[in-house]
>>> print(open('query29.tsv').read())   # TSV, C-alpha atoms
chain	number	residue	atom	x	y	z
E	1	MET	CA	0.21	18.91	-20.41
E	2	ILE	CA	0.18	15.25	-21.49
E	3	THR	CA	-0.80	16.15	-25.05
E	4	SER	CA	2.48	18.02	-25.45
E	5	ILE	CA	4.29	14.68	-25.80
E	6	SER	CA	4.78	13.68	-29.41
E	7	LEU	CA	4.71	10.16	-30.82
E	8	ALA	CA	8.40	10.52	-31.68
E	9	GLU	CA	9.17	11.26	-28.02
E	10	ILE	CA	7.22	8.19	-26.90
E	11	ILE	CA	9.05	5.97	-29.39
E	12	ALA	CA	12.41	7.42	-28.34
E	13	GLY	CA	11.62	6.93	-24.65
E	14	SER	CA	12.00	10.62	-23.87
E	15	LYS	CA	12.65	11.65	-20.26
E	16	LYS	CA	9.82	14.13	-20.77
E	17	ILE	CA	7.37	11.25	-20.27
E	18	GLU	CA	8.72	10.49	-16.80
E	19	GLU	CA	8.05	14.08	-15.73
E	20	PHE	CA	4.36	13.10	-15.49
E	21	GLY	CA	5.01	10.97	-12.42
E	22	ALA	CA	5.29	7.46	-13.81
E	23	PRO	CA	7.13	5.69	-16.58
E	24	LEU	CA	5.11	4.80	-19.66
E	25	ASP	CA	5.30	1.06	-18.89
E	26	LEU	CA	3.53	1.61	-15.55
E	27	ARG	CA	0.85	3.68	-17.22
E	28	LEU	CA	0.39	0.84	-19.71
E	29	ALA	CA	0.18	-1.62	-16.81
E	30	LEU	CA	-2.55	0.51	-15.24
E	31	LEU	CA	-4.45	0.52	-18.53
E	32	ILE	CA	-4.20	-3.28	-18.70
E	33	ALA	CA	-5.41	-3.72	-15.10
E	34	ARG	CA	-8.31	-1.31	-15.70
E	35	THR	CA	-9.21	-3.16	-18.90
E	36	HIS	CA	-9.29	-6.48	-17.02
E	37	LYS	CA	-11.61	-4.86	-14.47
E	38	PHE	CA	-13.83	-3.36	-17.18
E	39	LEU	CA	-14.15	-6.76	-18.87
E	40	GLY	CA	-15.16	-8.38	-15.59
E	41	ASN	CA	-11.86	-10.20	-15.07
E	42	ASP	CA	-11.71	-9.12	-11.43
E	43	ARG	CA	-9.24	-11.79	-10.34
E	44	ASP	CA	-6.80	-10.90	-13.15
E	45	ALA	CA	-7.21	-7.18	-12.42
E	46	LYS	CA	-6.49	-7.66	-8.70
E	47	GLU	CA	-3.53	-9.98	-9.28
E	48	ASP	CA	-2.02	-7.62	-11.83
E	49	ALA	CA	-2.56	-4.57	-9.63
E	50	GLN	CA	-0.96	-6.31	-6.64
E	51	TRP	CA	2.06	-7.38	-8.66
E	52	ARG	CA	2.49	-3.82	-9.94
E	53	LEU	CA	2.28	-2.44	-6.40
E	54	ASN	CA	5.00	-4.82	-5.31
E	55	ASN	CA	7.21	-3.72	-8.23
E	56	ILE	CA	6.32	-0.03	-8.62
E	57	GLY	CA	9.70	1.30	-7.48
E	58	GLU	CA	9.90	5.08	-7.28
E	59	ALA	CA	6.77	5.80	-9.34
E	60	LYS	CA	4.61	6.63	-6.32
E	61	GLY	CA	2.05	8.62	-8.34
E	62	LEU	CA	0.10	5.53	-9.41
E	63	ILE	CA	-0.09	3.73	-6.07
E	64	LYS	CA	-3.64	4.90	-5.28
E	65	ASP	CA	-4.86	3.78	-8.70
E	66	PHE	CA	-3.43	0.28	-8.31
E	67	GLU	CA	-4.70	0.05	-4.73
E	68	ALA	CA	-8.23	0.95	-5.87
E	69	ILE	CA	-8.16	-1.83	-8.45
E	70	GLY	CA	-6.82	-4.24	-5.84
E	71	ARG	CA	-9.72	-3.37	-3.51
E	72	GLY	CA	-12.20	-3.73	-6.33
E	73	SER	CA	-13.24	-0.08	-6.09
E	74	PHE	CA	-12.31	0.80	-9.66
>>> encode(input="query29.tsv", output="structure tokens")
Amino acid sequence: MITSISLAEIIAGSKKIEEFGAPLDLRLALLIARTHKFLGNDRDAKEDAQWRLNNIGEAKGLIKDFEAIGRGSF
């Protein structure tokens, strides 16, 4: 459960975070892209989502989320 991660573990960069399918920085990137979309900054949201897709590496769990933002179907 995501709420089982403590603030201390987040600060320390615990491997426990990665067990949820994506590194914390990618989850933050998704939050930023979604915020751009929410604020009506569609171009910024799409550009950010596309860049993240091109640089996502092994964190395959967030691909569908970034693709949805890229398509504008957030």
>>> atom_distance(input="query29.tsv", atom1="atom CA of E:Ile63", atom2="atom CA of E:Gln50")
10.1 Å
>>> residues_around(input="query29.tsv", residues="stretch 35-46 of chain E", least_positions_apart="6", cutoff="10 Å", atoms="all atoms listed in the file", output="PyMOL selection string")
chain E and resi 29+52+66-74
>>> atom_distance(input="query29.tsv", atom1="atom CA of E:Lys64", atom2="atom CA of E:Glu18")
17.8 Å
>>> atom_distance(input="query29.tsv", atom1="atom CA of E:Ala33", atom2="atom CA of E:Lys60")
16.9 Å
>>> residues_around(input="query29.tsv", residues="E:Gly13", least_positions_apart="6", cutoff="12 Å", atoms="all atoms listed in the file", output="mmCIF file with C-alpha atoms, in the frame of the given file")
data_model
loop_
_atom_site.group_PDB
_atom_site.id
_atom_site.type_symbol
_atom_site.label_atom_id
_atom_site.label_comp_id
_atom_site.auth_asym_id
_atom_site.auth_seq_id
_atom_site.Cartn_x
_atom_site.Cartn_y
_atom_site.Cartn_z
ATOM 1 C CA ILE E 5 4.290 14.680 -25.800
ATOM 2 C CA SER E 6 4.780 13.680 -29.410
ATOM 3 C CA LEU E 7 4.710 10.160 -30.820
ATOM 4 C CA GLU E 19 8.050 14.080 -15.730
ATOM 5 C CA PRO E 23 7.130 5.690 -16.580
ATOM 6 C CA LEU E 24 5.110 4.800 -19.660
ATOM 7 C CA ASP E 25 5.300 1.060 -18.890
#
>>> build_atoms(input="query29.tsv", residues="stretch 47-70 of chain E", atoms="N, CA and C atoms", output="CSV table (one decimal), keeping the file's coordinate frame")
chain,number,residue,atom,x,y,z
E,47,GLU,N,-4.9,-9.4,-9.3
E,47,GLU,CA,-3.5,-10.0,-9.3
E,47,GLU,C,-2.5,-9.1,-10.0
E,48,ASP,N,-2.9,-8.5,-11.1
E,48,ASP,CA,-2.0,-7.6,-11.8
E,48,ASP,C,-1.7,-6.4,-11.0
E,49,ALA,N,-2.7,-5.8,-10.4
E,49,ALA,CA,-2.6,-4.6,-9.6
E,49,ALA,C,-1.6,-4.8,-8.4
E,50,GLN,N,-1.8,-6.0,-7.8
E,50,GLN,CA,-1.0,-6.3,-6.6
E,50,GLN,C,0.5,-6.5,-7.1
E,51,TRP,N,0.7,-7.2,-8.2
E,51,TRP,CA,2.1,-7.4,-8.7
E,51,TRP,C,2.7,-6.0,-9.0
E,52,ARG,N,1.9,-5.1,-9.6
E,52,ARG,CA,2.5,-3.8,-9.9
E,52,ARG,C,2.8,-3.0,-8.7
E,53,LEU,N,2.0,-3.1,-7.7
E,53,LEU,CA,2.3,-2.4,-6.4
E,53,LEU,C,3.6,-2.9,-5.8
E,54,ASN,N,3.8,-4.2,-5.9
E,54,ASN,CA,5.0,-4.8,-5.3
E,54,ASN,C,6.3,-4.5,-6.1
E,55,ASN,N,6.1,-4.0,-7.3
E,55,ASN,CA,7.2,-3.7,-8.2
E,55,ASN,C,7.2,-2.3,-8.8
E,56,ILE,N,6.5,-1.4,-8.1
E,56,ILE,CA,6.3,0.0,-8.6
E,56,ILE,C,7.6,0.8,-8.5
E,57,GLY,N,8.5,0.5,-7.6
E,57,GLY,CA,9.7,1.3,-7.5
E,57,GLY,C,9.4,2.7,-7.0
E,58,GLU,N,10.0,3.7,-7.7
E,58,GLU,CA,9.9,5.1,-7.3
E,58,GLU,C,8.7,5.8,-7.9
E,59,ALA,N,7.9,5.1,-8.7
E,59,ALA,CA,6.8,5.8,-9.3
E,59,ALA,C,5.6,5.8,-8.4
E,60,LYS,N,5.6,6.6,-7.4
E,60,LYS,CA,4.6,6.6,-6.3
E,60,LYS,C,3.3,7.2,-6.8
E,61,GLY,N,3.3,7.9,-7.9
E,61,GLY,CA,2.0,8.6,-8.3
E,61,GLY,C,0.9,7.7,-8.7
E,62,LEU,N,1.2,6.4,-9.0
E,62,LEU,CA,0.1,5.5,-9.4
E,62,LEU,C,-0.3,4.6,-8.3
E,63,ILE,N,0.2,4.7,-7.1
E,63,ILE,CA,-0.1,3.7,-6.1
E,63,ILE,C,-1.6,3.7,-5.8
E,64,LYS,N,-2.2,4.9,-5.6
E,64,LYS,CA,-3.6,4.9,-5.3
E,64,LYS,C,-4.5,4.2,-6.4
E,65,ASP,N,-4.1,4.4,-7.6
E,65,ASP,CA,-4.9,3.8,-8.7
E,65,ASP,C,-4.8,2.3,-8.6
E,66,PHE,N,-3.6,1.7,-8.4
E,66,PHE,CA,-3.4,0.3,-8.3
E,66,PHE,C,-4.1,-0.3,-7.1
E,67,GLU,N,-4.0,0.5,-5.9
E,67,GLU,CA,-4.7,0.0,-4.7
E,67,GLU,C,-6.2,0.0,-4.9
E,68,ALA,N,-6.8,0.9,-5.6
E,68,ALA,CA,-8.2,1.0,-5.9
E,68,ALA,C,-8.6,-0.3,-6.7
E,69,ILE,N,-7.9,-0.6,-7.7
E,69,ILE,CA,-8.2,-1.8,-8.4
E,69,ILE,C,-8.0,-3.1,-7.6
E,70,GLY,N,-7.0,-3.1,-6.7
E,70,GLY,CA,-6.8,-4.2,-5.8
E,70,GLY,C,-8.0,-4.4,-4.9
